[in-house]
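Peer 1: Okay, so here is my_file_21.cif, and as you'll see once you scroll down, it has mmCIF, C-alpha atoms.
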data_input
loop_
_atom_site.label_atom_id
_atom_site.label_comp_id
_atom_site.auth_asym_id
_atom_site.auth_seq_id
_atom_site.Cartn_x
_atom_site.Cartn_y
_atom_site.Cartn_z
CA MET A 9 54.63 93.24 30.22
CA ALA A 10 53.09 96.65 29.74
CA ILE A 11 52.23 98.58 32.90
CA LYS A 12 48.73 99.98 32.94
CA ARG A 13 48.95 103.61 33.96
CA ARG A 14 46.34 105.21 36.13
CA PRO A 15 44.33 107.92 34.28
CA LYS A 16 45.33 111.46 35.18
CA PHE A 17 43.12 112.85 37.93
CA ASN A 18 40.95 115.81 36.90
CA PRO A 19 39.46 117.78 39.84
CA LYS A 20 36.68 119.31 37.73
CA SER A 21 35.63 115.88 36.41
CA PHE A 22 35.73 114.48 39.94
CA LEU A 23 33.44 117.28 41.16
CA ALA A 24 31.05 116.80 38.25
CA LYS A 25 30.13 113.22 39.14
CA VAL A 26 28.24 111.57 41.96
CA GLY A 27 30.38 109.10 43.88
CA GLU A 28 31.36 107.80 47.31
CA GLY A 29 30.78 110.56 49.84
CA ARG A 30 29.69 113.14 47.28
CA SER A 31 26.32 114.09 45.82
CA ILE A 32 25.01 116.80 43.51
CA GLY A 33 21.87 118.82 44.13
CA LYS A 34 19.89 121.49 42.30
CA TYR A 35 18.70 124.49 44.31
CA ARG A 36 16.19 127.25 43.70
CA LYS A 37 16.47 130.89 44.71
CA ASP A 38 16.04 131.51 48.47
CA GLN A 39 16.63 127.86 49.42
CA ILE A 40 18.93 127.32 52.39
CA VAL A 41 21.98 125.09 51.90
CA PHE A 42 22.78 125.06 55.62
CA SER A 43 21.97 127.26 58.60
CA GLN A 44 24.06 128.84 61.33
CA GLY A 45 24.35 126.46 64.29
CA GLU A 46 23.82 123.23 62.32
CA PRO A 47 26.43 120.44 62.50
CA ALA A 48 29.41 121.08 60.21
CA ASP A 49 29.97 117.75 58.48
CA ALA A 50 30.58 118.52 54.79
CA VAL A 51 32.20 120.88 52.29
CA PHE A 52 30.27 122.25 49.33
CA TYR A 53 31.38 123.18 45.81
CA LEU A 54 29.33 125.57 43.69
CA GLN A 55 29.14 124.27 40.11
CA LYS A 56 26.70 126.94 39.01
CA GLY A 57 24.93 129.97 40.49
CA LYS A 58 25.50 132.34 43.40
CA VAL A 59 25.01 132.00 47.15
CA LYS A 60 24.84 134.49 50.01
CA VAL A 61 26.65 133.89 53.29
CA THR A 62 25.09 135.61 56.31
CA VAL A 63 25.76 135.69 60.04
CA VAL A 64 23.30 136.64 62.79
CA SER A 65 24.60 138.02 66.10
CA GLU A 66 23.21 137.12 69.54
CA GLN A 67 21.34 140.43 69.41
CA GLY A 68 19.63 139.37 66.18
CA LYS A 69 21.57 141.66 63.85
CA GLU A 70 22.23 140.08 60.44
CA ALA A 71 25.23 140.78 58.22
CA VAL A 72 26.11 139.56 54.73
CA VAL A 73 29.73 138.44 54.93
CA ALA A 74 30.19 137.08 51.40
CA ILE A 75 28.58 136.33 48.08
CA LEU A 76 30.13 133.34 46.31
CA GLY A 77 29.91 132.26 42.69
CA THR A 78 30.72 129.42 40.32
CA ASP A 79 33.75 127.22 41.11
CA GLU A 80 33.96 128.31 44.77
CA PHE A 81 33.96 126.09 47.85
CA PHE A 82 32.17 126.86 51.11
CA GLY A 83 31.65 125.15 54.43
CA GLU A 84 35.33 124.22 54.66
CA GLY A 85 35.44 125.16 58.35
CA CYS A 86 34.54 121.56 59.20
CA LEU A 87 38.02 120.53 58.06
CA ALA A 88 39.55 122.69 60.81
CA GLY A 89 37.48 121.08 63.54
CA GLN A 90 34.55 123.49 63.41
CA PRO A 91 31.68 121.53 65.03
CA GLN A 92 28.85 123.87 64.00
CA ARG A 93 28.15 126.15 61.06
CA MET A 94 29.18 129.73 61.80
CA ALA A 95 26.97 131.17 59.05
CA THR A 96 23.89 130.54 56.93
CA VAL A 97 24.23 129.98 53.18
CA ALA A 98 21.22 130.84 51.00
CA ILE A 99 20.74 130.54 47.25
CA MET A 100 20.65 133.81 45.28
CA THR A 101 20.17 132.33 41.79
CA ASP A 102 19.29 128.81 40.65
CA ALA A 103 22.33 126.72 41.53
CA VAL A 104 23.96 123.32 41.19
CA ILE A 105 25.99 122.34 44.25
CA VAL A 106 28.23 119.39 45.05
CA ARG A 107 28.20 118.14 48.65
CA LEU A 108 31.38 116.39 49.80
CA GLU A 109 31.24 114.61 53.13
CA LYS A 110 34.14 115.48 55.42
CA ALA A 111 35.72 112.02 55.14
CA ALA A 112 35.45 112.07 51.34
CA ILE A 113 37.16 115.43 50.87
CA VAL A 114 39.89 114.60 53.41
CA ARG A 115 40.56 111.40 51.47
CA VAL A 116 40.85 113.10 48.08
CA ILE A 117 43.04 115.89 49.52
CA HIS A 118 45.46 113.24 50.81
CA GLN A 119 45.39 111.05 47.69
CA GLU A 120 45.20 113.51 44.79
CA PRO A 121 47.82 116.30 44.53
CA ALA A 122 45.88 117.98 41.70
CA PHE A 123 42.83 118.36 43.92
CA SER A 124 44.99 119.53 46.83
CA GLU A 125 46.50 122.26 44.66
CA MET A 126 43.06 123.39 43.54
CA PHE A 127 41.72 123.46 47.10
CA ILE A 128 44.77 125.25 48.52
CA ALA A 129 44.49 127.87 45.76
CA HIS A 130 40.87 128.39 46.80
CA LEU A 131 41.83 128.79 50.48
CA LEU A 132 44.61 131.27 49.66
CA GLY A 133 42.30 133.25 47.41
CA ARG A 134 39.65 133.36 50.14
CA THR A 135 42.24 134.56 52.69
CA ILE A 136 43.39 137.35 50.39
CA ARG A 137 39.76 138.34 49.78
CA VAL A 138 39.02 138.50 53.53
CA GLU A 139 42.11 140.66 54.14
CA ALA A 140 41.08 142.98 51.30
CA ASP A 141 37.54 143.18 52.72
CA LEU A 142 38.95 144.21 56.10
CA VAL A 143 41.13 146.92 54.56
CA ASP A 144 38.13 148.08 52.54
CA GLN A 145 35.96 148.40 55.67
CA LEU A 146 38.65 150.17 57.67
CA PHE A 147 39.97 152.67 55.15
CA ASN A 148 37.54 153.21 52.27
CA SER A 149 34.36 155.25 52.06
CA SER A 150 31.00 153.53 51.65
CA GLU A 151 30.94 154.76 48.03
CA LYS A 152 34.19 152.96 47.21
CA ARG A 153 33.10 149.87 49.14
CA LEU A 154 29.92 149.71 47.06
CA ALA A 155 31.88 150.09 43.81
CA ARG A 156 34.25 147.29 44.86
CA VAL A 157 31.39 144.94 45.78
CA LEU A 158 29.69 145.53 42.41
CA LEU A 159 32.94 144.80 40.57
CA LEU A 160 33.53 141.63 42.59
CA LEU A 161 29.99 140.44 41.93
CA ALA A 162 30.61 140.99 38.22
CA ASN A 163 33.87 138.97 38.47
CA PHE A 164 36.15 141.83 37.42
CA GLY A 165 39.70 140.91 38.40
CA LYS A 166 39.01 137.16 38.47
CA ASP A 167 40.09 134.50 36.01
CA GLY A 168 37.80 134.20 33.03
CA LYS A 169 35.50 136.76 31.49
CA PRO A 170 33.65 139.27 33.67
CA GLU A 171 29.88 138.91 34.07
CA PRO A 172 28.73 142.49 33.50
CA ILE A 173 25.09 141.69 34.24
CA ILE A 174 24.67 140.96 37.94
CA ALA A 175 21.63 138.88 38.84
CA LYS A 176 18.90 140.41 40.99
CA ILE A 177 20.28 141.76 44.25
CA SER A 178 18.44 144.08 46.60
CA GLN A 179 19.70 147.39 47.93
CA GLU A 180 19.25 145.98 51.44
CA THR A 181 21.70 143.17 50.67
CA LEU A 182 24.24 145.59 49.21
CA ALA A 183 23.86 147.81 52.28
CA GLU A 184 24.49 144.84 54.60
CA MET A 185 27.59 143.87 52.61
CA ILE A 186 29.27 147.26 52.87
CA GLY A 187 28.01 148.30 56.30
CA THR A 188 25.84 151.27 55.44
CA THR A 189 22.17 152.18 55.00
CA ARG A 190 19.84 151.39 52.10
CA SER A 191 19.37 155.13 51.44
CA ARG A 192 23.14 155.61 51.01
CA VAL A 193 23.27 152.67 48.60
CA SER A 194 20.38 154.16 46.61
CA PHE A 195 22.16 157.53 46.47
CA PHE A 196 25.43 156.04 45.20
CA MET A 197 23.70 153.71 42.72
CA ASN A 198 21.90 156.69 41.18
CA LYS A 199 25.21 158.58 41.07
CA PHE A 200 26.99 155.66 39.35
CA ARG A 201 24.18 155.37 36.82
CA LYS A 202 24.23 159.10 35.98
CA LEU A 203 27.99 158.86 35.44
CA GLY A 204 27.49 155.91 33.07
CA LEU A 205 29.37 153.49 35.33
CA ILE A 206 26.42 151.12 35.75
CA ASP A 207 22.97 150.67 34.28
CA TYR A 208 19.73 149.15 35.50
CA ASP A 209 16.95 150.29 33.20
CA GLY A 210 14.60 147.64 34.55
CA GLY A 211 15.24 148.72 38.13
CA ILE A 212 17.96 147.48 40.46
CA ASP A 213 15.98 144.35 41.35
CA GLY A 214 15.93 143.37 37.66
CA GLY A 215 19.72 143.09 37.37
CA ILE A 216 22.62 145.56 37.23
CA GLU A 217 24.96 146.09 34.29
CA VAL A 218 28.43 146.94 35.54
CA HIS A 219 30.88 148.74 33.25
CA SER A 220 34.67 148.46 33.59
CA SER A 221 34.82 152.26 34.06
CA LEU A 222 33.55 151.68 37.61
CA LEU A 223 37.10 150.55 38.40
CA ASN A 224 38.11 154.21 38.45
CA VAL A 225 36.06 154.76 41.61
CA VAL A 226 37.97 151.99 43.39
CA LEU A 227 41.42 152.86 42.03
CA HIS A 228 41.13 156.56 42.84
CA GLU A 229 42.83 157.44 46.14
CA GLN A 230 43.53 153.88 47.26
CA PRO A 231 44.46 153.68 50.98
CA GLN A 232 48.21 153.84 51.59
CA ILE A 233 49.40 151.13 53.98
CA LYS A 234 52.85 151.64 55.46
CA THR A 235 55.24 148.70 55.21
#
Starting from the file, lay out its structure as C-alpha coordinates.
Peer 2:
Amino acid sequence: MAIKRRPKFNPKSFLAKVGEGRSIGKYRKDQIVFSQGEPADAVFYLQKGKVKVTVVSEQGKEAVVAILGTDEFFGEGCLAGQPQRMATVAIMTDAVIVRLEKAAIVRVIHQEPAFSEMFIAHLLGRTIRVEADLVDQLFNSSEKRLARVLLLLANFGKDGKPEPIIAKISQETLAEMIGTTRSRVSFFMNKFRKLGLIDYDGGIDGGIEVHSSLLNVVLHEQPQIKT
(Lines of atoms letter the chains of each structure in order from A and count residues from 1; the text may use other names and numbers.)
(Lines give C-alpha, C1' and ligand atoms only; values in the text may rest on other atoms or scores of the structure.)
Protein backbone atom coordinates (compact mmCIF):
# COMPACT_ATOMS: atom_id res chain seq x y z
CA MET A 1 0.00 0.00 0.00
CA ALA A 2 1.46 3.30 -1.09
CA ILE A 3 2.23 5.79 1.67
CA LYS A 4 0.89 9.26 1.03
CA ARG A 5 3.68 11.72 1.67
CA ARG A 6 3.05 15.08 3.22
CA PRO A 7 3.71 17.98 0.80
CA LYS A 8 6.98 19.80 1.45
CA PHE A 9 6.43 22.84 3.66
CA ASN A 10 7.17 26.18 1.99
CA PRO A 11 7.53 29.12 4.43
CA LYS A 12 6.82 31.75 1.77
CA SER A 13 3.62 29.97 0.69
CA PHE A 14 2.58 29.62 4.33
CA LEU A 15 3.06 33.37 4.86
CA ALA A 16 1.15 34.22 1.69
CA LYS A 17 -2.13 32.66 2.83
CA VAL A 18 -4.69 33.44 5.49
CA GLY A 19 -5.09 30.60 7.98
CA GLU A 20 -5.46 29.67 11.63
CA GLY A 21 -3.88 32.40 13.73
CA ARG A 22 -2.67 34.44 10.76
CA SER A 23 -4.21 37.23 8.72
CA ILE A 24 -3.06 39.55 5.94
CA GLY A 25 -3.72 43.28 5.86
CA LYS A 26 -3.05 46.15 3.46
CA TYR A 27 -1.70 49.38 4.92
CA ARG A 28 -1.36 52.92 3.64
CA LYS A 29 1.48 55.35 4.27
CA ASP A 30 1.56 56.77 7.83
CA GLN A 31 -0.74 54.08 9.25
CA ILE A 32 0.35 52.62 12.59
CA VAL A 33 0.79 48.84 12.81
CA PHE A 34 1.22 48.94 16.59
CA SER A 35 2.23 51.55 19.15
CA GLN A 36 4.74 51.62 21.98
CA GLY A 37 3.12 50.36 25.19
CA GLU A 38 0.44 48.22 23.53
CA PRO A 39 0.15 44.51 24.41
CA ALA A 40 2.69 42.36 22.54
CA ASP A 41 0.66 39.41 21.30
CA ALA A 42 1.72 38.79 17.68
CA VAL A 43 4.62 38.74 15.22
CA PHE A 44 4.38 40.50 11.86
CA TYR A 45 5.89 39.66 8.47
CA LEU A 46 6.31 42.34 5.81
CA GLN A 47 5.31 40.94 2.42
CA LYS A 48 5.64 44.28 0.66
CA GLY A 49 6.63 47.86 1.51
CA LYS A 50 8.70 49.58 4.20
CA VAL A 51 8.03 50.40 7.84
CA LYS A 52 9.68 52.72 10.35
CA VAL A 53 10.39 51.62 13.92
CA THR A 54 10.53 54.47 16.46
CA VAL A 55 10.96 54.74 20.22
CA VAL A 56 9.93 57.65 22.44
CA SER A 57 11.75 58.26 25.74
CA GLU A 58 10.07 59.29 29.00
CA GLN A 59 11.24 62.83 28.23
CA GLY A 60 9.37 62.75 24.91
CA LYS A 61 12.43 62.45 22.66
CA GLU A 62 11.78 60.28 19.59
CA ALA A 63 14.39 58.18 17.78
CA VAL A 64 14.16 56.07 14.62
CA VAL A 65 15.79 52.76 15.49
CA ALA A 66 15.18 50.86 12.25
CA ILE A 67 13.61 50.90 8.82
CA LEU A 68 12.50 47.46 7.65
CA GLY A 69 11.64 46.22 4.18
CA THR A 70 10.16 43.30 2.29
CA ASP A 71 10.57 39.79 3.77
CA GLU A 72 11.44 41.04 7.27
CA PHE A 73 9.73 40.13 10.55
CA PHE A 74 9.02 42.54 13.39
CA GLY A 75 7.33 42.39 16.76
CA GLU A 76 9.14 39.17 17.65
CA GLY A 77 9.82 40.41 21.18
CA CYS A 78 6.54 38.81 22.28
CA LEU A 79 8.17 35.40 21.80
CA ALA A 80 10.73 36.26 24.50
CA GLY A 81 8.08 37.18 27.04
CA GLN A 82 7.87 40.88 26.20
CA PRO A 83 4.45 41.93 27.58
CA GLN A 84 4.28 45.34 25.87
CA ARG A 85 5.55 46.82 22.63
CA MET A 86 8.85 48.61 23.12
CA ALA A 87 8.48 50.65 19.92
CA THR A 88 5.98 52.05 17.44
CA VAL A 89 5.88 50.73 13.87
CA ALA A 90 4.52 53.07 11.17
CA ILE A 91 4.06 52.51 7.45
CA MET A 92 6.45 54.40 5.14
CA THR A 93 5.11 53.10 1.81
CA ASP A 94 1.96 51.17 0.94
CA ALA A 95 2.46 47.75 2.50
CA VAL A 96 1.07 44.24 2.79
CA ILE A 97 1.66 42.69 6.21
CA VAL A 98 0.99 39.25 7.67
CA ARG A 99 -0.03 39.11 11.33
CA LEU A 100 0.81 35.87 13.14
CA GLU A 101 -0.67 35.39 16.58
CA LYS A 102 1.88 34.32 19.18
CA ALA A 103 0.43 30.81 19.53
CA ALA A 104 0.36 30.34 15.75
CA ILE A 105 4.00 31.27 15.18
CA VAL A 106 5.18 29.22 18.18
CA ARG A 107 3.33 26.24 16.72
CA VAL A 108 4.85 26.53 13.25
CA ILE A 109 8.35 27.09 14.69
CA HIS A 110 8.02 23.82 16.61
CA GLN A 111 6.43 21.82 13.79
CA GLU A 112 8.18 23.06 10.64
CA PRO A 113 12.01 23.00 10.47
CA ALA A 114 11.99 24.99 7.21
CA PHE A 115 10.16 27.85 8.89
CA SER A 116 12.41 27.62 11.95
CA GLU A 117 15.49 27.96 9.74
CA MET A 118 14.02 30.98 8.00
CA PHE A 119 13.08 32.66 11.28
CA ILE A 120 16.43 31.92 12.94
CA ALA A 121 18.23 33.36 9.90
CA HIS A 122 16.13 36.51 10.32
CA LEU A 123 16.99 36.78 14.02
CA LEU A 124 20.71 36.28 13.38
CA GLY A 125 20.65 38.85 10.59
CA ARG A 126 18.89 41.34 12.86
CA THR A 127 21.46 40.75 15.63
CA ILE A 128 24.35 41.36 13.23
CA ARG A 129 22.63 44.52 11.98
CA VAL A 130 22.16 45.86 15.53
CA GLU A 131 25.82 45.20 16.36
CA ALA A 132 26.90 46.95 13.16
CA ASP A 133 24.62 49.90 13.99
CA LEU A 134 26.25 50.21 17.41
CA VAL A 135 29.75 50.17 15.93
CA ASP A 136 28.62 52.73 13.36
CA GLN A 137 27.31 55.08 16.07
CA LEU A 138 30.39 54.70 18.25
CA PHE A 139 33.17 54.96 15.70
CA ASN A 140 31.99 56.53 12.45
CA SER A 141 31.35 60.14 11.53
CA SER A 142 27.81 61.34 10.80
CA GLU A 143 28.76 61.52 7.10
CA LYS A 144 29.65 57.83 6.99
CA ARG A 145 26.60 56.91 9.07
CA LEU A 146 24.38 58.70 6.55
CA ALA A 147 26.05 56.94 3.62
CA ARG A 148 25.58 53.55 5.32
CA VAL A 149 21.90 54.21 6.04
CA LEU A 150 21.25 55.20 2.42
CA LEU A 151 22.96 52.03 1.18
CA LEU A 152 20.98 49.86 3.60
CA LEU A 153 17.73 51.49 2.55
CA ALA A 154 18.63 50.72 -1.06
CA ASN A 155 19.35 47.07 -0.10
CA PHE A 156 23.02 47.15 -1.10
CA GLY A 157 24.73 44.16 0.51
CA LYS A 158 21.50 42.16 0.88
CA ASP A 159 20.34 39.15 -1.07
CA GLY A 160 18.63 40.03 -4.32
CA LYS A 161 18.99 43.11 -6.46
CA PRO A 162 19.53 46.53 -4.89
CA GLU A 163 16.71 49.08 -5.03
CA PRO A 164 18.57 52.20 -6.15
CA ILE A 165 15.50 54.42 -5.90
CA ILE A 166 14.59 54.92 -2.24
CA ALA A 167 10.99 55.89 -1.59
CA LYS A 168 10.21 59.27 -0.07
CA ILE A 169 12.06 59.79 3.20
CA SER A 170 12.47 63.10 4.98
CA GLN A 171 15.73 64.66 6.11
CA GLU A 172 14.30 64.70 9.64
CA THR A 173 13.92 60.91 9.57
CA LEU A 174 17.45 60.43 8.25
CA ALA A 175 18.75 62.76 10.96
CA GLU A 176 16.95 60.75 13.67
CA MET A 177 18.38 57.50 12.30
CA ILE A 178 22.00 58.61 12.43
CA GLY A 179 21.83 60.85 15.50
CA THR A 180 22.57 64.24 13.99
CA THR A 181 20.76 67.41 12.89
CA ARG A 182 18.67 68.02 9.79
CA SER A 183 21.11 70.73 8.65
CA ARG A 184 24.03 68.26 8.75
CA VAL A 185 22.01 65.75 6.73
CA SER A 186 21.19 68.46 4.17
CA PHE A 187 24.88 69.40 3.93
CA PHE A 188 26.03 65.82 3.35
CA MET A 189 23.20 65.05 0.90
CA ASN A 190 24.21 68.04 -1.21
CA LYS A 191 27.84 66.90 -1.03
CA PHE A 192 26.94 63.35 -2.12
CA ARG A 193 24.88 64.70 -5.00
CA LYS A 194 27.67 67.01 -6.23
CA LEU A 195 30.05 64.04 -6.16
CA GLY A 196 27.60 61.98 -8.24
CA LEU A 197 27.04 59.44 -5.47
CA ILE A 198 23.29 60.05 -5.24
CA ASP A 199 20.67 61.96 -7.17
CA TYR A 200 17.32 63.50 -6.29
CA ASP A 201 16.32 65.84 -9.10
CA GLY A 202 12.75 66.00 -7.84
CA GLY A 203 13.90 66.94 -4.34
CA ILE A 204 14.78 64.58 -1.50
CA ASP A 205 11.12 64.08 -0.59
CA GLY A 206 10.45 62.76 -4.11
CA GLY A 207 12.82 59.80 -3.79
CA ILE A 208 16.60 59.34 -3.76
CA GLU A 209 18.64 57.46 -6.35
CA VAL A 210 21.59 55.76 -4.68
CA HIS A 211 24.63 54.78 -6.76
CA SER A 212 26.98 51.93 -5.81
CA SER A 213 29.87 54.45 -5.75
CA LEU A 214 28.50 55.64 -2.40
CA LEU A 215 30.06 52.48 -0.96
CA ASN A 216 33.43 54.21 -1.16
CA VAL A 217 32.37 56.65 1.58
CA VAL A 218 31.59 53.75 3.92
CA LEU A 219 34.60 51.60 3.02
CA HIS A 220 37.10 54.43 3.36
CA GLU A 221 38.82 54.41 6.76
CA GLN A 222 36.66 51.74 8.36
CA PRO A 223 37.06 51.62 12.18
CA GLN A 224 39.70 49.15 13.33
CA ILE A 225 38.47 46.92 16.16
CA LYS A 226 41.14 45.06 18.08
CA THR A 227 40.61 41.33 18.52
Peer 1: Between A:Val97, A:Lys199, A:Met126, A:Glu70, which one has atoms that come closest to A:Ala183, using only C-alpha atoms?
Peer 2: A:Glu70
Peer 1: Check which residues satisfy the PyMOL selection byres ((chain A and resi 23) around 12) in the file shown, then give them as a PyMOL selection string.
Peer 2: chain A and resi 17-22+24-32+51-56+79-81+104-108+112-113+116+123+126-127
Peer 1: I'd like to know which of A:Glu84, A:Pro91, A:Thr188, A:Thr181 is closest to A:Thr62, using all atoms listed in the file.
Peer 2: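 Under the stated criterion, the closest residue is A:Thr181.
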Peer 1: Between A:Asn163, A:Thr135, A:Asn148, A:Ser43, which has the minimum distance to A:Ile75 (counting only C-alpha atoms)?
Peer 2: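 Of all the options, A:Asn163 lies closest to A:Ile75.
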Peer 1: Pick from A:Ser150, A:Gln39, A:Gln90, A:Gln179: nearest to A:Ala103, with all atoms listed in the file counted?
Peer 2: A:Gln39
Peer 1: Give me, as an NGL selection string, all polymer residues having an atom no more than 12 Å from A:Val193, counting all atoms listed in the file and skipping those fewer than 4 positions away in the same chain.
Peer 2: :A and (149-155 or 157-158 or 178-189 or 197-200 or 212)
Peer 1: Give as a PyMOL selection string the set of residues within 10 Å of the point (27.5, 124.7, 62.1), where distances use the file's coordinates and all atoms listed in the file.
Peer 2: chain A and resi 42-49+83+85-86+90-96
Peer 1: Place all heavy atoms on stretch 78-89 of chain A and deliver the coordinates as a PDB file, in the frame of the given file.
Peer 2:
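This went into result.pdb:
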ATOM      1  N   THR A  78      30.304 130.681  40.947  1.00  0.00           N
ATOM      2  CA  THR A  78      30.720 129.420  40.320  1.00  0.00           C
ATOM      3  C   THR A  78      32.175 129.069  40.614  1.00  0.00           C
ATOM      4  O   THR A  78      33.048 129.941  40.625  1.00  0.00           O
ATOM      5  CB  THR A  78      30.505 129.522  38.796  1.00  0.00           C
ATOM      6  OG1 THR A  78      29.125 129.807  38.540  1.00  0.00           O
ATOM      7  CG2 THR A  78      30.865 128.229  38.111  1.00  0.00           C
ATOM      8  N   ASP A  79      32.418 127.779  40.865  1.00  0.00           N
ATOM      9  CA  ASP A  79      33.750 127.220  41.110  1.00  0.00           C
ATOM     10  C   ASP A  79      34.321 127.583  42.485  1.00  0.00           C
ATOM     11  O   ASP A  79      35.531 127.470  42.700  1.00  0.00           O
ATOM     12  CB  ASP A  79      34.752 127.616  40.024  1.00  0.00           C
ATOM     13  CG  ASP A  79      34.422 126.995  38.678  1.00  0.00           C
ATOM     14  OD1 ASP A  79      33.777 125.926  38.666  1.00  0.00           O
ATOM     15  OD2 ASP A  79      34.786 127.581  37.635  1.00  0.00           O
ATOM     16  N   GLU A  80      33.482 128.001  43.418  1.00  0.00           N
ATOM     17  CA  GLU A  80      33.960 128.310  44.770  1.00  0.00           C
ATOM     18  C   GLU A  80      33.477 127.250  45.754  1.00  0.00           C
ATOM     19  O   GLU A  80      32.390 126.699  45.626  1.00  0.00           O
ATOM     20  CB  GLU A  80      33.500 129.693  45.195  1.00  0.00           C
ATOM     21  CG  GLU A  80      34.124 130.822  44.387  1.00  0.00           C
ATOM     22  CD  GLU A  80      33.977 132.174  45.061  1.00  0.00           C
ATOM     23  OE1 GLU A  80      34.721 132.438  46.037  1.00  0.00           O
ATOM     24  OE2 GLU A  80      33.126 132.954  44.619  1.00  0.00           O
ATOM     25  N   PHE A  81      34.314 126.987  46.766  1.00  0.00           N
ATOM     26  CA  PHE A  81      33.960 126.090  47.850  1.00  0.00           C
ATOM     27  C   PHE A  81      33.395 126.905  49.016  1.00  0.00           C
ATOM     28  O   PHE A  81      33.713 128.075  49.182  1.00  0.00           O
ATOM     29  CB  PHE A  81      35.197 125.333  48.357  1.00  0.00           C
ATOM     30  CG  PHE A  81      35.751 124.316  47.405  1.00  0.00           C
ATOM     31  CD1 PHE A  81      36.739 124.666  46.487  1.00  0.00           C
ATOM     32  CD2 PHE A  81      35.311 122.997  47.441  1.00  0.00           C
ATOM     33  CE1 PHE A  81      37.274 123.726  45.615  1.00  0.00           C
ATOM     34  CE2 PHE A  81      35.842 122.051  46.569  1.00  0.00           C
ATOM     35  CZ  PHE A  81      36.823 122.412  45.661  1.00  0.00           C
ATOM     36  N   PHE A  82      32.596 126.241  49.852  1.00  0.00           N
ATOM     37  CA  PHE A  82      32.170 126.860  51.110  1.00  0.00           C
ATOM     38  C   PHE A  82      31.873 125.753  52.112  1.00  0.00           C
ATOM     39  O   PHE A  82      31.710 124.595  51.743  1.00  0.00           O
ATOM     40  CB  PHE A  82      30.983 127.791  50.913  1.00  0.00           C
ATOM     41  CG  PHE A  82      29.739 127.154  50.339  1.00  0.00           C
ATOM     42  CD1 PHE A  82      28.743 126.653  51.160  1.00  0.00           C
ATOM     43  CD2 PHE A  82      29.556 127.077  48.955  1.00  0.00           C
ATOM     44  CE1 PHE A  82      27.597 126.078  50.628  1.00  0.00           C
ATOM     45  CE2 PHE A  82      28.409 126.506  48.415  1.00  0.00           C
ATOM     46  CZ  PHE A  82      27.429 126.003  49.251  1.00  0.00           C
ATOM     47  N   GLY A  83      31.858 126.133  53.381  1.00  0.00           N
ATOM     48  CA  GLY A  83      31.650 125.150  54.430  1.00  0.00           C
ATOM     49  C   GLY A  83      32.914 124.408  54.822  1.00  0.00           C
ATOM     50  O   GLY A  83      32.865 123.405  55.524  1.00  0.00           O
ATOM     51  N   GLU A  84      34.081 124.929  54.403  1.00  0.00           N
ATOM     52  CA  GLU A  84      35.330 124.220  54.660  1.00  0.00           C
ATOM     53  C   GLU A  84      35.794 124.304  56.108  1.00  0.00           C
ATOM     54  O   GLU A  84      36.783 123.663  56.492  1.00  0.00           O
ATOM     55  CB  GLU A  84      36.448 124.734  53.730  1.00  0.00           C
ATOM     56  CG  GLU A  84      36.781 126.196  53.876  1.00  0.00           C
ATOM     57  CD  GLU A  84      35.958 127.100  52.970  1.00  0.00           C
ATOM     58  OE1 GLU A  84      34.752 126.848  52.820  1.00  0.00           O
ATOM     59  OE2 GLU A  84      36.522 128.068  52.433  1.00  0.00           O
ATOM     60  N   GLY A  85      35.081 125.061  56.931  1.00  0.00           N
ATOM     61  CA  GLY A  85      35.440 125.160  58.350  1.00  0.00           C
ATOM     62  C   GLY A  85      35.406 123.822  59.065  1.00  0.00           C
ATOM     63  O   GLY A  85      36.119 123.625  60.066  1.00  0.00           O
ATOM     64  N   CYS A  86      34.609 122.879  58.561  1.00  0.00           N
ATOM     65  CA  CYS A  86      34.540 121.560  59.200  1.00  0.00           C
ATOM     66  C   CYS A  86      35.875 120.838  59.157  1.00  0.00           C
ATOM     67  O   CYS A  86      36.157 119.989  60.003  1.00  0.00           O
ATOM     68  CB  CYS A  86      33.445 120.713  58.546  1.00  0.00           C
ATOM     69  SG  CYS A  86      33.796 120.197  56.847  1.00  0.00           S
ATOM     70  N   LEU A  87      36.718 121.181  58.179  1.00  0.00           N
ATOM     71  CA  LEU A  87      38.020 120.530  58.060  1.00  0.00           C
ATOM     72  C   LEU A  87      39.001 121.004  59.126  1.00  0.00           C
ATOM     73  O   LEU A  87      40.020 120.361  59.370  1.00  0.00           O
ATOM     74  CB  LEU A  87      38.615 120.791  56.667  1.00  0.00           C
ATOM     75  CG  LEU A  87      37.790 120.295  55.472  1.00  0.00           C
ATOM     76  CD1 LEU A  87      38.484 120.652  54.164  1.00  0.00           C
ATOM     77  CD2 LEU A  87      37.548 118.796  55.556  1.00  0.00           C
ATOM     78  N   ALA A  88      38.688 122.144  59.754  1.00  0.00           N
ATOM     79  CA  ALA A  88      39.550 122.690  60.810  1.00  0.00           C
ATOM     80  C   ALA A  88      38.979 122.406  62.194  1.00  0.00           C
ATOM     81  O   ALA A  88      39.365 123.041  63.173  1.00  0.00           O
ATOM     82  CB  ALA A  88      39.720 124.203  60.606  1.00  0.00           C
ATOM     83  N   GLY A  89      38.044 121.460  62.251  1.00  0.00           N
ATOM     84  CA  GLY A  89      37.480 121.080  63.540  1.00  0.00           C
ATOM     85  C   GLY A  89      36.280 121.900  63.968  1.00  0.00           C
ATOM     86  O   GLY A  89      35.850 121.805  65.128  1.00  0.00           O
TER      87      GLY A  89
END
